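> The structure file protein_39.txt (compact mmCIF, C-alpha atoms) is provided below.
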```
# COMPACT_ATOMS: atom_id res chain seq x y z
CA MET A 300 150.82 -121.70 -240.65
CA ASN A 301 147.16 -121.94 -241.55
CA TYR A 302 144.23 -120.71 -239.45
CA LEU A 303 143.49 -124.12 -237.92
CA ASN A 304 147.10 -124.65 -236.81
CA THR A 305 147.25 -121.13 -235.40
CA HIS A 306 143.99 -121.72 -233.53
CA ILE A 307 145.28 -125.00 -232.07
CA LEU A 308 148.56 -123.39 -231.01
CA LEU A 309 146.78 -120.48 -229.33
CA ASN A 310 144.42 -122.85 -227.54
CA PHE A 311 147.39 -124.93 -226.40
CA CYS A 312 149.08 -121.83 -224.95
CA LYS A 313 145.86 -120.90 -223.15
CA LYS A 314 145.60 -124.43 -221.74
CA ILE A 315 149.12 -124.22 -220.37
CA ASN A 316 148.12 -121.08 -218.49
CA GLN A 317 145.01 -122.85 -217.17
CA VAL A 318 147.19 -125.65 -215.83
CA LYS A 319 149.14 -123.16 -213.78
CA TYR A 320 146.02 -121.73 -212.19
CA SER A 321 143.14 -124.16 -212.22
CA MET A 322 143.14 -127.22 -214.42
CA GLY A 323 145.76 -129.36 -212.73
CA TRP A 324 148.58 -131.19 -214.42
CA GLY A 325 146.75 -134.52 -214.75
CA ALA A 326 143.76 -132.96 -216.51
CA PHE A 327 146.03 -131.05 -218.84
CA MET A 328 148.02 -134.16 -219.75
CA LYS A 329 144.78 -136.04 -220.44
CA GLU A 330 143.66 -133.27 -222.79
CA LEU A 331 147.06 -133.10 -224.47
CA LYS A 332 146.93 -136.88 -225.05
CA SER A 333 143.49 -136.46 -226.61
CA TRP A 334 144.76 -133.71 -228.94
CA ILE A 335 147.70 -135.85 -230.04
CA ASN A 336 145.45 -138.87 -230.65
CA GLU A 337 143.02 -136.79 -232.72
CA SER A 338 145.72 -134.97 -234.67
CA ALA A 339 146.66 -135.99 -238.18
CA TYR A 340 149.98 -134.13 -238.01
CA THR A 341 151.68 -133.30 -234.72
CA VAL A 342 154.93 -131.36 -234.49
CA VAL A 343 156.94 -131.10 -231.27
CA PHE A 344 158.91 -127.88 -230.82
CA THR A 345 161.39 -127.96 -227.97
CA GLY A 346 163.80 -125.56 -226.37
CA ALA A 347 166.58 -125.74 -223.82
CA GLY A 348 164.21 -126.58 -220.99
CA ILE A 349 163.75 -130.12 -222.24
CA SER A 350 167.44 -130.88 -221.69
CA THR A 351 168.02 -129.31 -218.29
CA ASP A 352 167.00 -132.60 -216.64
CA SER A 353 169.91 -134.16 -218.54
CA GLY A 354 172.30 -131.76 -216.85
CA ILE A 355 172.60 -129.31 -219.73
CA PRO A 356 172.31 -125.70 -218.59
CA ASP A 357 170.02 -123.45 -220.57
CA PHE A 358 171.25 -120.19 -222.00
CA ARG A 359 168.83 -117.53 -220.75
CA SER A 360 167.97 -118.39 -217.14
CA PRO A 361 169.88 -116.93 -214.20
CA GLY A 362 173.20 -118.75 -214.15
CA GLY A 363 172.75 -119.77 -217.79
CA LEU A 364 175.43 -119.30 -220.42
CA TRP A 365 174.32 -115.80 -221.43
CA SER A 366 174.68 -114.59 -217.83
CA ARG A 367 178.37 -115.56 -218.03
CA VAL A 368 179.25 -114.44 -221.57
CA ALA A 369 177.48 -112.23 -224.10
CA PRO A 370 175.94 -114.03 -227.07
CA ILE A 371 177.70 -113.62 -230.39
CA ASP A 372 175.34 -112.12 -232.94
CA PHE A 373 175.19 -113.93 -236.27
CA ARG A 374 176.15 -110.75 -238.15
CA GLY A 375 179.24 -110.44 -235.94
CA PHE A 376 180.03 -114.11 -236.51
CA VAL A 377 179.88 -113.69 -240.30
CA ALA A 378 181.78 -110.39 -240.35
CA SER A 379 184.62 -111.22 -237.98
CA GLU A 380 187.12 -114.06 -238.02
CA GLU A 381 187.84 -113.26 -234.37
CA MET A 382 184.17 -113.89 -233.49
CA ARG A 383 184.14 -117.17 -235.41
CA VAL A 384 187.24 -118.33 -233.52
CA GLU A 385 185.62 -117.24 -230.23
CA THR A 386 182.43 -119.14 -231.12
CA TRP A 387 184.38 -122.36 -231.65
CA ARG A 388 186.41 -121.77 -228.48
CA ARG A 389 183.16 -121.45 -226.51
CA LYS A 390 181.71 -124.53 -228.21
CA VAL A 391 184.69 -126.66 -227.18
CA LEU A 392 184.47 -125.40 -223.58
CA LEU A 393 180.71 -125.98 -223.43
CA ASP A 394 181.08 -129.50 -224.82
CA GLN A 395 183.60 -130.21 -222.08
CA GLU A 396 181.28 -128.73 -219.45
CA ILE A 397 178.24 -130.80 -220.41
CA GLY A 398 180.16 -134.01 -221.11
CA LYS A 399 178.07 -136.81 -222.61
CA PRO A 400 174.51 -136.14 -221.49
CA GLU A 401 171.97 -138.94 -221.43
CA PRO A 402 168.41 -138.60 -222.71
CA ASN A 403 165.79 -137.92 -220.05
CA LYS A 404 162.13 -138.93 -219.69
CA ALA A 405 160.94 -136.13 -221.99
CA HIS A 406 163.34 -137.18 -224.74
CA TYR A 407 162.19 -140.81 -224.46
CA ALA A 408 158.51 -139.78 -224.48
CA ILE A 409 158.95 -137.76 -227.67
CA SER A 410 160.93 -140.61 -229.25
CA GLN A 411 158.11 -143.04 -228.45
CA LEU A 412 155.53 -140.68 -229.98
CA VAL A 413 157.64 -140.52 -233.14
CA ASP A 414 158.08 -144.31 -233.20
CA VAL A 415 154.33 -144.97 -233.01
CA GLY A 416 153.57 -142.32 -235.66
CA LYS A 417 151.87 -139.79 -233.36
CA VAL A 418 154.53 -137.10 -233.95
CA SER A 419 155.51 -136.25 -237.50
CA LYS A 420 158.38 -133.85 -236.87
CA VAL A 421 160.55 -132.65 -234.00
CA ILE A 422 161.98 -129.16 -234.20
CA THR A 423 164.62 -128.22 -231.68
CA GLN A 424 167.04 -125.43 -231.02
CA ASN A 425 169.03 -127.56 -228.62
CA ILE A 426 172.75 -128.23 -228.65
CA ASP A 427 172.72 -131.70 -227.10
CA ASN A 428 172.28 -133.85 -230.21
```
Please rewrite the model in this file as structure tokens.

Amino acid sequence: MNYLNTHILLNFCKKINQVKYSMGWGAFMKELKSWINESAYTVVFTGAGISTDSGIPDFRSPGGLWSRVAPIDFRGFVASEEMRVETWRRKVLLDQEIGKPEPNKAHYAISQLVDVGKVSKVITQNIDN
């Protein structure tokens, strides 16, 4: 990440904090829209929070998956056949729990930004396809 990208990311994080305390959501969204319009290369990075409105529980919040079962560390997954089997068992159960989720407003908004060329890449750590 170069200096300019780092600077933009840090400013974005500061702006999010300002929204919480003073700026107001509408003003923040207006500024975010301006940043996206002025940007030559915008990347969207999402986490589990984007999919909770689709009925998919996140992993870390109270009541999330990790409050019910301990995560399986990658090293344990690689080293142990038992852990690999357990990982797949959990995956099947989780797929049954979440069913066939539908995209929500945030998913559609990002898709539209990609379609009109305002977002170059989407990086996600989500499990909802």
> Find the residue from A:Leu364, A:Leu392, A:Val418, A:Met382 that sits nearest to Ala347 in chain A; use all atoms listed in the file when measuring.
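The shortest atom-to-atom distance to Ala347 in chain A comes from A:Leu364.
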> Excluding Gln424 in chain A and residues on its chain fewer than 2 positions from it, collect all residues at most 9 Å away from it, counting all atoms listed in the file, and give them as a list in words.
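What passes the distance filter is Phe344, Thr345, Gly346, Ala347, Ile422 and Ile426 of chain A.
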> Which value, in Å to one decimal, gives the distance between CA of Glu385 in chain A and CA of Gly348 in chain A?
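Going from CA of Glu385 in chain A over to CA of Gly348 in chain A, I get 25.1 Å.
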> Which one is closest to Phe358 in chain A: A:Arg388, A:Ser379, A:Ala408, A:Leu393? Count only C-alpha atoms.
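Ranked by minimum distance to Phe358 in chain A, first place goes to A:Leu393.
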> Return the single residue from A:Ile355, A:Phe327, A:Asn336, A:Thr341 that is closest to Val413 in chain A, with distances computed using all atoms listed in the file.
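Residue with the minimum atom-to-atom distance to Val413 in chain A: A:Thr341.
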> Using the structure just given, write a file holding N, CA and C atoms for range 352-385 of chain A, as an mmCIF file, in the first residue's frame.

```cif
data_model
loop_
_atom_site.group_PDB
_atom_site.id
_atom_site.type_symbol
_atom_site.label_atom_id
_atom_site.label_comp_id
_atom_site.auth_asym_id
_atom_site.auth_seq_id
_atom_site.Cartn_x
_atom_site.Cartn_y
_atom_site.Cartn_z
ATOM 1 N N ASP A 352 -27.572 -8.620 7.675
ATOM 2 C CA ASP A 352 -28.925 -8.243 7.234
ATOM 3 C C ASP A 352 -29.547 -9.279 6.296
ATOM 4 N N SER A 353 -28.731 -10.219 5.835
ATOM 5 C CA SER A 353 -29.245 -11.323 5.020
ATOM 6 C C SER A 353 -29.525 -12.554 5.878
ATOM 7 N N GLY A 354 -29.404 -12.395 7.196
ATOM 8 C CA GLY A 354 -29.693 -13.494 8.100
ATOM 9 C C GLY A 354 -28.520 -14.406 8.386
ATOM 10 N N ILE A 355 -27.321 -13.986 8.007
ATOM 11 C CA ILE A 355 -26.131 -14.795 8.258
ATOM 12 C C ILE A 355 -25.462 -14.280 9.522
ATOM 13 N N PRO A 356 -25.339 -15.131 10.540
ATOM 14 C CA PRO A 356 -24.710 -14.669 11.780
ATOM 15 C C PRO A 356 -23.220 -14.407 11.565
ATOM 16 N N ASP A 357 -22.695 -13.418 12.275
ATOM 17 C CA ASP A 357 -21.248 -13.236 12.181
ATOM 18 C C ASP A 357 -20.566 -14.199 13.155
ATOM 19 N N PHE A 358 -19.272 -14.186 13.160
ATOM 20 C CA PHE A 358 -18.532 -15.162 13.940
ATOM 21 C C PHE A 358 -18.123 -14.653 15.311
ATOM 22 N N ARG A 359 -17.832 -13.356 15.437
ATOM 23 C CA ARG A 359 -17.192 -12.848 16.645
ATOM 24 C C ARG A 359 -18.116 -12.168 17.653
ATOM 25 N N SER A 360 -19.278 -11.730 17.237
ATOM 26 C CA SER A 360 -20.182 -11.022 18.149
ATOM 27 C C SER A 360 -20.778 -11.981 19.171
ATOM 28 N N PRO A 361 -21.312 -11.434 20.263
ATOM 29 C CA PRO A 361 -22.005 -12.303 21.223
ATOM 30 C C PRO A 361 -23.091 -13.100 20.498
ATOM 31 N N GLY A 362 -23.111 -14.382 20.713
ATOM 32 C CA GLY A 362 -24.049 -15.252 20.022
ATOM 33 C C GLY A 362 -23.550 -15.725 18.676
ATOM 34 N N GLY A 363 -22.411 -15.191 18.232
ATOM 35 C CA GLY A 363 -21.825 -15.605 16.959
ATOM 36 C C GLY A 363 -21.235 -17.002 17.060
ATOM 37 N N LEU A 364 -20.789 -17.521 15.934
ATOM 38 C CA LEU A 364 -20.300 -18.892 15.868
ATOM 39 C C LEU A 364 -19.190 -19.175 16.883
ATOM 40 N N TRP A 365 -18.257 -18.235 17.031
ATOM 41 C CA TRP A 365 -17.123 -18.503 17.922
ATOM 42 C C TRP A 365 -17.528 -18.484 19.393
ATOM 43 N N SER A 366 -18.707 -17.998 19.720
ATOM 44 C CA SER A 366 -19.168 -18.099 21.115
ATOM 45 C C SER A 366 -19.772 -19.482 21.386
ATOM 46 N N ARG A 367 -20.045 -20.223 20.312
ATOM 47 C CA ARG A 367 -20.608 -21.574 20.462
ATOM 48 C C ARG A 367 -19.557 -22.662 20.310
ATOM 49 N N VAL A 368 -18.602 -22.462 19.428
ATOM 50 C CA VAL A 368 -17.517 -23.435 19.208
ATOM 51 C C VAL A 368 -16.215 -22.670 19.005
ATOM 52 N N ALA A 369 -15.129 -23.276 19.430
ATOM 53 C CA ALA A 369 -13.815 -22.635 19.277
ATOM 54 C C ALA A 369 -13.390 -22.697 17.811
ATOM 55 N N PRO A 370 -12.768 -21.629 17.314
ATOM 56 C CA PRO A 370 -12.271 -21.675 15.936
ATOM 57 C C PRO A 370 -11.188 -22.749 15.802
ATOM 58 N N ILE A 371 -11.070 -23.281 14.605
ATOM 59 C CA ILE A 371 -10.011 -24.246 14.321
ATOM 60 C C ILE A 371 -8.880 -23.499 13.644
ATOM 61 N N ASP A 372 -7.747 -23.478 14.292
ATOM 62 C CA ASP A 372 -6.567 -22.799 13.782
ATOM 63 C C ASP A 372 -6.086 -23.492 12.506
ATOM 64 N N PHE A 373 -5.590 -22.707 11.566
ATOM 65 C CA PHE A 373 -5.131 -23.271 10.298
ATOM 66 C C PHE A 373 -4.045 -24.318 10.506
ATOM 67 N N ARG A 374 -3.127 -24.057 11.441
ATOM 68 C CA ARG A 374 -2.063 -25.042 11.692
ATOM 69 C C ARG A 374 -2.654 -26.361 12.178
ATOM 70 N N GLY A 375 -3.689 -26.283 13.030
ATOM 71 C CA GLY A 375 -4.354 -27.495 13.486
ATOM 72 C C GLY A 375 -5.075 -28.197 12.344
ATOM 73 N N PHE A 376 -5.683 -27.406 11.465
ATOM 74 C CA PHE A 376 -6.373 -27.956 10.299
ATOM 75 C C PHE A 376 -5.397 -28.740 9.426
ATOM 76 N N VAL A 377 -4.233 -28.166 9.161
ATOM 77 C CA VAL A 377 -3.245 -28.803 8.293
ATOM 78 C C VAL A 377 -2.650 -30.037 8.955
ATOM 79 N N ALA A 378 -2.423 -29.970 10.259
ATOM 80 C CA ALA A 378 -1.721 -31.041 10.967
ATOM 81 C C ALA A 378 -2.599 -32.232 11.329
ATOM 82 N N SER A 379 -3.908 -32.037 11.390
ATOM 83 C CA SER A 379 -4.763 -33.076 11.950
ATOM 84 C C SER A 379 -5.926 -33.436 11.027
ATOM 85 N N GLU A 380 -5.998 -34.697 10.647
ATOM 86 C CA GLU A 380 -7.128 -35.150 9.847
ATOM 87 C C GLU A 380 -8.431 -34.970 10.620
ATOM 88 N N GLU A 381 -8.374 -35.198 11.924
ATOM 89 C CA GLU A 381 -9.564 -35.023 12.770
ATOM 90 C C GLU A 381 -10.087 -33.583 12.691
ATOM 91 N N MET A 382 -9.196 -32.603 12.682
ATOM 92 C CA MET A 382 -9.611 -31.205 12.596
ATOM 93 C C MET A 382 -10.177 -30.883 11.216
ATOM 94 N N ARG A 383 -9.618 -31.487 10.181
ATOM 95 C CA ARG A 383 -10.165 -31.265 8.832
ATOM 96 C C ARG A 383 -11.576 -31.835 8.730
ATOM 97 N N VAL A 384 -11.780 -33.022 9.278
ATOM 98 C CA VAL A 384 -13.117 -33.625 9.278
ATOM 99 C C VAL A 384 -14.084 -32.751 10.078
ATOM 100 N N GLU A 385 -13.633 -32.247 11.230
ATOM 101 C CA GLU A 385 -14.471 -31.382 12.062
ATOM 102 C C GLU A 385 -14.815 -30.087 11.330
#
```
